[in-house]
Amino acid sequence: MNFLRGVMGGPSAGPQPSGAETIQKLCDRVASSTLLDDRRDAVRALKSLSKKYRLEVGIQAMEHLIHVLQTDRSDSEIIGYALDTLYNVISNDLEEEEQEENLPKQVDDLGSQFTEIFIKQQENVTLLLTLVEEFDFHVRWPGVKLLTSLLKQQGPQVQQIILVSPMGVSRLMDLLADSREVIRNDGVLLLQQLTKSNAAIQKIVAFENAFERLLDIITEEGNSDGGIVVEDCLLLLQNLLKNNNSNQNFFKEGSYIQRMKPWFEVGDDNCGWSAQKVTNLHLMLQLVRVLVSPTNPPGATSSCQKAMFHCGLLEQLCTILMATGVPADILTETINTVSEVIRGCQMNQDYFASVNAPSNPPRPAIVVLLMSMVNERQPFVLRCAVLYCFQCFLYKNQKGQGEIVSTLLPSTIDATGNSVSAGQLLCGGLFSTDSLSNWCAAVALAHALQENATLKEQLLRVQLATSIGNPPVSLLQQCTNILSQGDKIDRRGSKVQTRVGLLMLLCTWLSNCSIAVTHFLHNPANIPFLTGQIAENLGEEEQLVQGLCALLLGISIYYNDNSLENYRKEKLKQLIEKRIGRENFIEKLGFISKHELYSRAAQKPQPSFSSPDHMMFDHEFTKLVKELEGVISKAIYKSSEEDKKEEEVKKTLEQHDNIVTHYKKVIREQDQELEELKQRVNTLTSQNEQLQATVTQQVSQIQQHKDQYNLLKVQLGKDNQHHNSHSDTFQMNGIQTEEVSKLKEELEEWKNKHELLQGQLREKDSVIEKLKSSQLEMGTMEQSSQTSKSGGLEHNNELQKELEMLRSQIKLQSAEISKLQIENQKLQVMNATADPVLGGSGATAANNPELEGRLEQEIKELKSEVKALSEEKESLKQHLDSSSSTVAILQDEKSKLQQEVAESKKEQDDLLVLLADQDQKLSALKVKLKDLGVPIEDEDDIESGDQGDEDEDGDEEEQD
């Protein structure tokens, strides 16, 4: 302090030195002093002067302060003073009295210039990053503030230096984990500046676990009830996610969308919300919209929409939508958020259609919102939000479009009048005396008809009772009546807004719907009204109406099917030529796309207008204008001969398309038959494989029995050698009895096997009969594919192979039977030789009279079984003969099938020649059409279009 008094001067020191001189002395002291205490006191004095003498300190002391940061790293106090001094010099966050003394422009220039000087040496920023890593509060906090100020002044340049610095972003991410709230909160502000408009840094910050940390901070601070820290975290999240598809996908894949649901939990009492809570909730809703914005890639938006539905976030938003006491700006932003969450997502749109307001009786949320849209006492921004919500509900939602239009059809209108439907609200808004309601209702109804020709035709059935005693008029007629009345009706709002809305509705209704064009032309007053409007020279406000009238007249010509004699295409063109002039007509048509409000509406789907008078165009309608403007201009300049040629070419194309469609149908039928035959072949093949497996198993069993039989025969041969002794004879008889019983069992097994073979042969016979019947059916078919017949011939060959295999198996079995007969005869001989021995031993024979009887009985049974087996052999031979005759019949049928294949091949060649001729004619006609300037669609598109028309006609008949 003594040093400061000496430099600054005391009361009795004479004349006071100027601020510049004092700063110069302090800078010299910082540069030349060897004692750390002296340098620290000098830097402290510079800090106290830096706010008042910002320019002088910045010019003279910046270099010395940077040197202090480089050399005095060990002393945190002097580092803190130096950082604070640099912050005061560079930052523009001055106190009020200083802002009054300095002009803001000068302040901005000073901060930017000093920042440029500081970052000229990139090492200074790198040094600052290392200082921010220090845990000491007196170093870290001023370092964070200084780095934030640098980013505010020269953001892109500082971002680039940090990006190329090793671990630069990671060092700053550690600030979010600091236990000291002031450093953590200022770290959030630093990351806000760091991530502005830099996708590379945004990705690094996101992959450094920023989402997890920020969501934890928001939860700790109380979600929407938190303070300004929550607001800062939400702003940082917006920086990371907005227009960054990679981070959005990372946010979704990390299941962070589910953590957003608690943000929108509101109680029953929603009165007295603080300004900070309103701000926080507003930013939270904007964050949801960032994830489902229509400008995002469709796939990313769709996946986020589905995640919001499954985690209950959409349900939570709809609860806020229907809650009471919610501030108006929050309600408006919630409607916009729900709009984009359901836009183009069928699942979410269906859920939104099922949401009811908590009223008595419950009303659909759509109806409640439409009430607000057509209520002129509601705020303008709220009505715009409801219109956007209705448009998003109907976007690519044919089911929802049908439900809205069905509320207008005579069969579905509630006769009791207890409930108001969406269609009735739209009609009420369409014919009210408020021009903004007219415009909103017209645009909403146009969205219900967007790209849906069936509903355009159904809406023609809507009848309106205009007054008591008068007959009802159609909705189309009522729209044209209001349009023709113009300014005769006293309306609140813009003079042209109602007419613009009705003209947009009529243009959308009539485009691509020739039936609606015919209904429009049926009213004799419509065409004179349009030509009169176009031909007049009106003011600048009316030019927009003239352009839309020209577009409507052009649609009436382009989509005219010439069903009305007085309003054929050629006559309407002649009328334009006489009353308006082609050049003048095209000029008036161009008024639409040249209008400033048209360009503004074409930018994004959400209707955002500064005032109700600017609501003139709808985003989807601008697409329709862009599509039709060129084709209408060409249609106006076409001559009658060109129109006739075009119609003839179209008729010829339709004829050829019908022929091609017929042949495609025939080919489809043949493909179906071919698939059926393939399935049959696969079934028979599997059956054949099963039978082959069974036969293989039986062959193995026969081999086993052969082995057993040979073993028994060897044993019997050994026993016969000892038949001379009585005891041996008795033993032989015993063995013989056992062998006879075994042979009996074997014969029983053979009998069962023969029965199994006969059953299998019967199954083969049934398969052959089925094949014969299927081949007869195939013979009666006039057009069968060559591939199916070749498949049938291959199957016949397979059957012949199977029959040959069966024959060989039967031969083997007959050989086995003959062997068994021979063995049976040997056994009889052995019994005959055994009889004398048995007679010689009278005591043994007398003792065993029953044994002889059993042997004789068993021998008789064996003889009868052998006889039965021989009879079965004969029957199998007869069956083989019948199978041979069946094979001969199949061979005859095979030759017939080959002949039919040749005939069908010849017919297909003729058909191919015919198709080739037709394709040549078709291509020539397409070339002519292209020369005439008519757009040509592909055959598949034409076919799908024809099918769509058939489906639409069918739907109309069912609903009628």
# chains A, B, ... in the order shown; residues from 1 in each chain; ligands from 1
call {"tool": "select_by_dssp", "arguments": {"residues": "stretch 351-588 of chain A", "states": "alpha helix (DSSP H)", "output": "JSON, numbers by chain"}}
result
{"A": [351, 352, 353, 354, 365, 366, 367, 368, 369, 370, 371, 372, 373, 380, 381, 382, 383, 384, 385, 386, 387, 388, 389, 390, 391, 392, 393, 394, 398, 399, 400, 401, 402, 403, 404, 405, 406, 422, 423, 424, 425, 426, 427, 428, 429, 430, 435, 436, 437, 438, 439, 440, 441, 442, 443, 444, 445, 446, 447, 448, 449, 453, 454, 455, 456, 457, 458, 459, 475, 476, 477, 478, 479, 480, 481, 482, 483, 484, 485, 497, 498, 499, 500, 501, 502, 503, 504, 505, 506, 507, 508, 509, 510, 514, 515, 516, 517, 518, 519, 520, 521, 522, 526, 527, 528, 529, 530, 531, 532, 533, 534, 535, 540, 541, 542, 543, 544, 545, 546, 547, 548, 549, 550, 551, 552, 553, 554, 555, 556, 557, 558, 569, 570, 571, 572, 573, 574, 575, 576, 577, 578, 579, 582, 583, 584, 585, 586, 587, 588]}
call {"tool": "write_last_selection", "arguments": {"atoms": "C-alpha atoms", "output": "tab-separated table (two decimals), in the first residue's frame"}}
result
chain	number	residue	atom	x	y	z
A	351	TYR	CA	-53.69	-40.64	-30.72
A	352	PHE	CA	-54.38	-36.92	-31.08
A	353	ALA	CA	-57.74	-37.70	-32.71
A	354	SER	CA	-58.69	-39.69	-29.58
A	365	ALA	CA	-59.57	-31.78	-28.66
A	366	ILE	CA	-59.73	-31.00	-32.38
A	367	VAL	CA	-63.23	-29.54	-32.01
A	368	VAL	CA	-62.18	-27.43	-28.99
A	369	LEU	CA	-59.19	-26.07	-30.91
A	370	LEU	CA	-61.27	-25.27	-33.99
A	371	MET	CA	-63.66	-23.31	-31.77
A	372	SER	CA	-60.72	-21.11	-30.80
A	373	MET	CA	-59.63	-20.74	-34.42
A	380	PHE	CA	-54.14	-13.82	-33.31
A	381	VAL	CA	-51.06	-15.95	-32.53
A	382	LEU	CA	-53.25	-18.57	-30.83
A	383	ARG	CA	-55.51	-18.82	-33.89
A	384	CYS	CA	-52.46	-19.24	-36.14
A	385	ALA	CA	-51.18	-22.00	-33.86
A	386	VAL	CA	-54.51	-23.85	-33.99
A	387	LEU	CA	-54.54	-23.65	-37.79
A	388	TYR	CA	-51.02	-25.06	-37.89
A	389	CYS	CA	-52.08	-27.87	-35.54
A	390	PHE	CA	-55.03	-28.75	-37.76
A	391	GLN	CA	-52.81	-28.73	-40.86
A	392	CYS	CA	-50.27	-31.01	-39.18
A	393	PHE	CA	-53.05	-33.36	-38.08
A	394	LEU	CA	-54.18	-33.76	-41.70
A	398	GLN	CA	-56.06	-39.73	-45.36
A	399	LYS	CA	-57.87	-41.35	-42.45
A	400	GLY	CA	-58.08	-38.03	-40.60
A	401	GLN	CA	-59.13	-36.22	-43.77
A	402	GLY	CA	-61.96	-38.71	-44.25
A	403	GLU	CA	-63.14	-38.24	-40.64
A	404	ILE	CA	-63.26	-34.45	-41.02
A	405	VAL	CA	-65.13	-34.56	-44.36
A	406	SER	CA	-67.51	-37.24	-43.06
A	422	ALA	CA	-65.41	-30.14	-36.88
A	423	GLY	CA	-67.10	-29.81	-40.27
A	424	GLN	CA	-69.85	-27.58	-38.88
A	425	LEU	CA	-67.27	-25.33	-37.21
A	426	LEU	CA	-65.36	-25.01	-40.50
A	427	CYS	CA	-68.53	-24.12	-42.39
A	428	GLY	CA	-69.45	-21.62	-39.68
A	429	GLY	CA	-66.03	-19.99	-39.97
A	430	LEU	CA	-66.22	-20.06	-43.75
A	435	SER	CA	-62.40	-12.22	-42.72
A	436	LEU	CA	-59.67	-13.96	-40.68
A	437	SER	CA	-62.12	-16.73	-39.73
A	438	ASN	CA	-63.08	-17.07	-43.39
A	439	TRP	CA	-59.45	-17.44	-44.42
A	440	CYS	CA	-58.53	-19.92	-41.66
A	441	ALA	CA	-61.60	-22.10	-42.28
A	442	ALA	CA	-61.01	-22.11	-46.05
A	443	VAL	CA	-57.36	-23.13	-45.65
A	444	ALA	CA	-58.27	-25.80	-43.08
A	445	LEU	CA	-60.92	-27.27	-45.40
A	446	ALA	CA	-58.44	-27.19	-48.29
A	447	HIS	CA	-56.04	-29.29	-46.21
A	448	ALA	CA	-58.83	-31.82	-45.66
A	449	LEU	CA	-58.97	-32.25	-49.46
A	453	ALA	CA	-59.60	-37.07	-55.11
A	454	THR	CA	-62.19	-39.29	-53.39
A	455	LEU	CA	-62.98	-36.70	-50.73
A	456	LYS	CA	-63.13	-33.94	-53.35
A	457	GLU	CA	-65.93	-35.86	-55.05
A	458	GLN	CA	-67.68	-36.66	-51.76
A	459	LEU	CA	-67.64	-33.00	-50.68
A	475	LEU	CA	-71.11	-26.12	-50.51
A	476	LEU	CA	-69.37	-25.44	-53.83
A	477	GLN	CA	-72.21	-23.19	-54.95
A	478	GLN	CA	-72.24	-21.29	-51.65
A	479	CYS	CA	-68.48	-20.65	-51.89
A	480	THR	CA	-68.86	-19.21	-55.39
A	481	ASN	CA	-71.85	-17.13	-54.26
A	482	ILE	CA	-69.84	-15.53	-51.43
A	483	LEU	CA	-66.92	-15.02	-53.82
A	484	SER	CA	-69.08	-13.22	-56.37
A	485	GLN	CA	-70.64	-10.95	-53.73
A	497	GLN	CA	-58.59	-11.91	-47.32
A	498	THR	CA	-61.94	-13.70	-47.58
A	499	ARG	CA	-61.80	-13.90	-51.37
A	500	VAL	CA	-58.20	-15.11	-51.35
A	501	GLY	CA	-59.11	-17.86	-48.89
A	502	LEU	CA	-62.13	-18.99	-50.92
A	503	LEU	CA	-60.15	-18.94	-54.17
A	504	MET	CA	-57.41	-21.08	-52.59
A	505	LEU	CA	-60.08	-23.54	-51.40
A	506	LEU	CA	-61.70	-23.71	-54.86
A	507	CYS	CA	-58.35	-24.14	-56.64
A	508	THR	CA	-57.39	-27.00	-54.30
A	509	TRP	CA	-60.85	-28.56	-54.68
A	510	LEU	CA	-60.97	-28.44	-58.49
A	514	SER	CA	-62.73	-33.28	-63.39
A	515	ILE	CA	-66.09	-34.01	-61.70
A	516	ALA	CA	-65.67	-30.98	-59.43
A	517	VAL	CA	-64.71	-28.88	-62.48
A	518	THR	CA	-67.92	-29.98	-64.19
A	519	HIS	CA	-69.98	-29.00	-61.12
A	520	PHE	CA	-68.24	-25.63	-61.03
A	521	LEU	CA	-68.89	-24.96	-64.72
A	522	HIS	CA	-72.52	-26.02	-64.34
A	526	ASN	CA	-69.00	-18.55	-62.52
A	527	ILE	CA	-67.06	-18.17	-65.79
A	528	PRO	CA	-68.37	-14.63	-66.53
A	529	PHE	CA	-67.41	-13.61	-62.98
A	530	LEU	CA	-63.86	-14.95	-63.37
A	531	THR	CA	-63.30	-13.38	-66.78
A	532	GLY	CA	-64.70	-10.08	-65.51
A	533	GLN	CA	-62.35	-10.08	-62.54
A	534	ILE	CA	-59.31	-10.91	-64.68
A	535	ALA	CA	-60.10	-8.39	-67.43
A	540	GLU	CA	-52.40	-3.37	-56.38
A	541	GLU	CA	-54.45	-5.01	-53.60
A	542	GLU	CA	-56.80	-6.60	-56.13
A	543	GLN	CA	-54.00	-7.98	-58.31
A	544	LEU	CA	-53.69	-10.95	-55.99
A	545	VAL	CA	-57.39	-11.78	-56.45
A	546	GLN	CA	-56.97	-11.42	-60.23
A	547	GLY	CA	-54.05	-13.87	-60.22
A	548	LEU	CA	-56.03	-16.44	-58.22
A	549	CYS	CA	-59.05	-16.02	-60.52
A	550	ALA	CA	-56.75	-16.68	-63.49
A	551	LEU	CA	-55.42	-19.79	-61.74
A	552	LEU	CA	-58.97	-21.05	-61.07
A	553	LEU	CA	-59.97	-20.46	-64.69
A	554	GLY	CA	-56.81	-22.24	-65.87
A	555	ILE	CA	-57.65	-25.23	-63.66
A	556	SER	CA	-61.16	-25.28	-65.16
A	557	ILE	CA	-59.54	-25.59	-68.59
A	558	TYR	CA	-56.70	-27.99	-67.80
A	569	LYS	CA	-61.75	-26.45	-73.47
A	570	GLU	CA	-61.70	-24.80	-76.89
A	571	LYS	CA	-64.61	-22.48	-76.11
A	572	LEU	CA	-63.06	-21.39	-72.81
A	573	LYS	CA	-59.78	-20.63	-74.62
A	574	GLN	CA	-61.65	-18.59	-77.23
A	575	LEU	CA	-63.36	-16.70	-74.40
A	576	ILE	CA	-59.98	-15.87	-72.85
A	577	GLU	CA	-58.66	-14.78	-76.28
A	578	LYS	CA	-61.60	-12.41	-76.82
A	579	ARG	CA	-62.26	-11.05	-73.33
A	582	ARG	CA	-53.57	-14.71	-73.74
A	583	GLU	CA	-50.62	-12.51	-72.85
A	584	ASN	CA	-52.68	-10.55	-70.36
A	585	PHE	CA	-54.01	-13.79	-68.84
A	586	ILE	CA	-50.48	-15.20	-68.37
A	587	GLU	CA	-49.35	-11.91	-66.85
A	588	LYS	CA	-52.21	-11.93	-64.34
call {"tool": "residues_around", "arguments": {"residues": "A:Leu869", "least_positions_apart": "3", "cutoff": "8 Å", "atoms": "only C-alpha atoms", "output": "list of chain:residue names"}}
result
A:Lys751, A:Ile817, A:Glu865, A:Val866, A:Glu872, A:Lys873
call {"tool": "residues_around", "arguments": {"residues": "A:Ile659", "least_positions_apart": "3", "cutoff": "12 Å", "atoms": "only C-alpha atoms", "output": "ChimeraX atom specification"}}
result
/A:652-656,662-666,911,914-915,918-919,922,943
call {"tool": "write_last_selection", "arguments": {"atoms": "all heavy atoms", "output": "short mmCIF file (atom, residue, chain, number, x, y, z; two decimals), in the first residue's frame"}}
result
data_model
loop_
_atom_site.label_atom_id
_atom_site.label_comp_id
_atom_site.auth_asym_id
_atom_site.auth_seq_id
_atom_site.Cartn_x
_atom_site.Cartn_y
_atom_site.Cartn_z
N THR A 652 -55.88 -43.81 -77.50
CA THR A 652 -55.08 -44.95 -78.00
C THR A 652 -54.22 -45.54 -76.89
O THR A 652 -54.12 -46.77 -76.76
CB THR A 652 -54.18 -44.47 -79.16
OG1 THR A 652 -54.98 -43.77 -80.12
CG2 THR A 652 -53.51 -45.66 -79.82
N LEU A 653 -53.65 -44.65 -76.09
CA LEU A 653 -52.84 -45.14 -74.98
C LEU A 653 -53.69 -45.93 -73.99
O LEU A 653 -53.26 -46.96 -73.47
CB LEU A 653 -52.18 -43.96 -74.25
CG LEU A 653 -50.96 -43.34 -74.94
CD1 LEU A 653 -50.53 -42.09 -74.19
CD2 LEU A 653 -49.82 -44.33 -74.99
N GLU A 654 -54.92 -45.44 -73.76
CA GLU A 654 -55.80 -46.17 -72.85
C GLU A 654 -56.12 -47.56 -73.40
O GLU A 654 -56.15 -48.55 -72.65
CB GLU A 654 -57.08 -45.38 -72.62
CG GLU A 654 -56.89 -44.14 -71.75
CD GLU A 654 -58.18 -43.34 -71.62
OE1 GLU A 654 -59.19 -43.78 -72.22
OE2 GLU A 654 -58.17 -42.31 -70.95
N GLN A 655 -56.38 -47.63 -74.75
CA GLN A 655 -56.66 -48.93 -75.35
C GLN A 655 -55.46 -49.87 -75.18
O GLN A 655 -55.61 -51.04 -74.78
CB GLN A 655 -57.01 -48.76 -76.82
CG GLN A 655 -58.35 -48.06 -77.06
CD GLN A 655 -58.60 -47.81 -78.53
OE1 GLN A 655 -57.76 -48.12 -79.37
NE2 GLN A 655 -59.76 -47.25 -78.85
N HIS A 656 -54.30 -49.36 -75.53
CA HIS A 656 -53.11 -50.20 -75.39
C HIS A 656 -52.87 -50.57 -73.93
O HIS A 656 -52.46 -51.71 -73.64
CB HIS A 656 -51.88 -49.47 -75.95
CG HIS A 656 -51.84 -49.44 -77.45
ND1 HIS A 656 -51.57 -50.55 -78.21
CD2 HIS A 656 -52.08 -48.43 -78.34
CE1 HIS A 656 -51.61 -50.24 -79.49
NE2 HIS A 656 -51.91 -48.95 -79.60
N HIS A 662 -54.69 -56.50 -69.62
CA HIS A 662 -55.29 -57.83 -69.78
C HIS A 662 -54.20 -58.91 -69.78
O HIS A 662 -54.32 -59.93 -69.09
CB HIS A 662 -56.08 -57.88 -71.09
CG HIS A 662 -56.55 -59.25 -71.46
ND1 HIS A 662 -57.53 -59.91 -70.74
CD2 HIS A 662 -56.15 -60.11 -72.45
CE1 HIS A 662 -57.73 -61.11 -71.27
NE2 HIS A 662 -56.91 -61.24 -72.31
N TYR A 663 -53.15 -58.67 -70.56
CA TYR A 663 -52.09 -59.68 -70.62
C TYR A 663 -51.36 -59.80 -69.28
O TYR A 663 -50.94 -60.89 -68.88
CB TYR A 663 -51.09 -59.33 -71.73
CG TYR A 663 -51.60 -59.73 -73.10
CD1 TYR A 663 -51.89 -58.77 -74.06
CD2 TYR A 663 -51.81 -61.07 -73.41
CE1 TYR A 663 -52.38 -59.13 -75.30
CE2 TYR A 663 -52.30 -61.44 -74.65
CZ TYR A 663 -52.58 -60.47 -75.60
OH TYR A 663 -53.06 -60.84 -76.82
N LYS A 664 -51.23 -58.67 -68.59
CA LYS A 664 -50.63 -58.75 -67.27
C LYS A 664 -51.48 -59.59 -66.32
O LYS A 664 -50.96 -60.36 -65.50
CB LYS A 664 -50.45 -57.34 -66.69
CG LYS A 664 -49.28 -56.57 -67.28
CD LYS A 664 -49.11 -55.22 -66.61
CE LYS A 664 -47.90 -54.48 -67.18
NZ LYS A 664 -47.73 -53.15 -66.54
N LYS A 665 -52.80 -59.44 -66.47
CA LYS A 665 -53.71 -60.24 -65.64
C LYS A 665 -53.56 -61.72 -65.96
O LYS A 665 -53.51 -62.58 -65.06
CB LYS A 665 -55.14 -59.78 -65.88
CG LYS A 665 -56.16 -60.46 -65.00
CD LYS A 665 -57.55 -59.91 -65.27
CE LYS A 665 -58.58 -60.61 -64.39
NZ LYS A 665 -59.96 -60.12 -64.68
N VAL A 666 -53.47 -62.04 -67.29
CA VAL A 666 -53.29 -63.44 -67.70
C VAL A 666 -51.99 -64.00 -67.14
O VAL A 666 -51.93 -65.13 -66.62
CB VAL A 666 -53.32 -63.54 -69.24
CG1 VAL A 666 -52.91 -64.94 -69.70
CG2 VAL A 666 -54.70 -63.20 -69.77
N LEU A 911 -48.15 -64.31 -79.13
CA LEU A 911 -48.47 -63.22 -78.22
C LEU A 911 -47.28 -62.25 -78.07
O LEU A 911 -47.46 -61.03 -78.01
CB LEU A 911 -48.83 -63.76 -76.84
CG LEU A 911 -50.19 -64.46 -76.73
CD1 LEU A 911 -50.36 -65.07 -75.36
CD2 LEU A 911 -51.31 -63.48 -76.99
N LEU A 914 -47.20 -60.03 -81.02
CA LEU A 914 -48.24 -59.03 -80.92
C LEU A 914 -47.85 -57.93 -79.93
O LEU A 914 -48.04 -56.74 -80.20
CB LEU A 914 -49.55 -59.71 -80.48
CG LEU A 914 -50.77 -58.78 -80.29
CD1 LEU A 914 -51.12 -58.08 -81.61
CD2 LEU A 914 -51.97 -59.57 -79.78
N LEU A 915 -47.30 -58.34 -78.77
CA LEU A 915 -46.89 -57.34 -77.78
C LEU A 915 -45.77 -56.45 -78.31
O LEU A 915 -45.71 -55.26 -78.03
CB LEU A 915 -46.42 -58.03 -76.51
CG LEU A 915 -47.53 -58.57 -75.62
CD1 LEU A 915 -46.95 -59.39 -74.48
CD2 LEU A 915 -48.34 -57.42 -75.04
N GLN A 918 -47.28 -53.90 -80.49
CA GLN A 918 -47.99 -52.88 -79.70
C GLN A 918 -47.01 -51.95 -79.00
O GLN A 918 -47.25 -50.76 -78.88
CB GLN A 918 -48.88 -53.57 -78.68
CG GLN A 918 -50.09 -54.25 -79.31
CD GLN A 918 -50.87 -55.07 -78.29
OE1 GLN A 918 -50.37 -55.26 -77.19
NE2 GLN A 918 -52.03 -55.53 -78.67
N ASP A 919 -45.89 -52.50 -78.50
CA ASP A 919 -44.89 -51.65 -77.84
C ASP A 919 -44.31 -50.63 -78.82
O ASP A 919 -44.07 -49.47 -78.49
CB ASP A 919 -43.77 -52.49 -77.27
CG ASP A 919 -44.21 -53.24 -76.04
OD1 ASP A 919 -45.18 -52.78 -75.40
OD2 ASP A 919 -43.59 -54.26 -75.70
N LEU A 922 -46.87 -48.04 -79.29
CA LEU A 922 -46.96 -47.24 -78.08
C LEU A 922 -45.81 -46.25 -77.98
O LEU A 922 -46.00 -45.09 -77.64
CB LEU A 922 -46.96 -48.18 -76.87
CG LEU A 922 -47.29 -47.57 -75.51
CD1 LEU A 922 -48.70 -47.03 -75.54
CD2 LEU A 922 -47.19 -48.64 -74.42
N GLU A 943 -50.84 -47.77 -64.44
CA GLU A 943 -51.57 -48.89 -63.88
C GLU A 943 -52.01 -48.60 -62.45
O GLU A 943 -53.14 -48.82 -62.08
CB GLU A 943 -50.69 -50.13 -63.91
CG GLU A 943 -51.39 -51.37 -63.37
CD GLU A 943 -50.45 -52.56 -63.38
OE1 GLU A 943 -49.32 -52.41 -63.79
OE2 GLU A 943 -50.92 -53.64 -62.99
#
call {"tool": "residues_around", "arguments": {"residues": "A:Ser875", "least_positions_apart": "4", "cutoff": "12 Å", "atoms": "only C-alpha atoms", "output": "PyMOL selection string"}}
result
chain A and resi 754+758+761+810+814+868-871+879-882
call {"tool": "residues_around", "arguments": {"residues": "A:Asp72", "least_positions_apart": "6", "cutoff": "9 Å", "atoms": "only C-alpha atoms", "output": "JSON list (two decimals) with all heavy atoms, in the first residue's frame"}}
result
[["chain", "number", "residue", "atom", "x", "y", "z"],
["A", 36, "LEU", "N", 8.02, -10.49, -5.76],
["A", 36, "LEU", "CA", 6.66, -10.92, -6.16],
["A", 36, "LEU", "C", 5.61, -10.04, -5.50],
["A", 36, "LEU", "O", 4.59, -9.71, -6.12],
["A", 36, "LEU", "CB", 6.46, -12.39, -5.77],
["A", 36, "LEU", "CG", 5.09, -12.99, -6.09],
["A", 36, "LEU", "CD1", 4.82, -12.94, -7.59],
["A", 36, "LEU", "CD2", 5.01, -14.42, -5.58],
["A", 78, "ILE", "N", -1.71, -13.33, -7.75],
["A", 78, "ILE", "CA", -1.36, -12.41, -8.83],
["A", 78, "ILE", "C", -1.96, -12.85, -10.16],
["A", 78, "ILE", "O", -2.36, -12.03, -10.98],
["A", 78, "ILE", "CB", 0.18, -12.27, -8.94],
["A", 78, "ILE", "CG1", 0.52, -11.10, -9.86],
["A", 78, "ILE", "CG2", 0.82, -13.56, -9.44],
["A", 78, "ILE", "CD1", 2.01, -10.78, -9.86],
["A", 79, "ILE", "N", -2.09, -14.17, -10.35],
["A", 79, "ILE", "CA", -2.74, -14.68, -11.57],
["A", 79, "ILE", "C", -4.20, -14.24, -11.60],
["A", 79, "ILE", "O", -4.73, -13.80, -12.63],
["A", 79, "ILE", "CB", -2.63, -16.22, -11.65],
["A", 79, "ILE", "CG1", -1.17, -16.65, -11.79],
["A", 79, "ILE", "CG2", -3.47, -16.77, -12.79],
["A", 79, "ILE", "CD1", -0.55, -16.28, -13.11]]
call {"tool": "atom_distance", "arguments": {"atom1": "atom CA of A:Val144", "atom2": "atom CA of A:Gln24"}}
result
27.9 Å
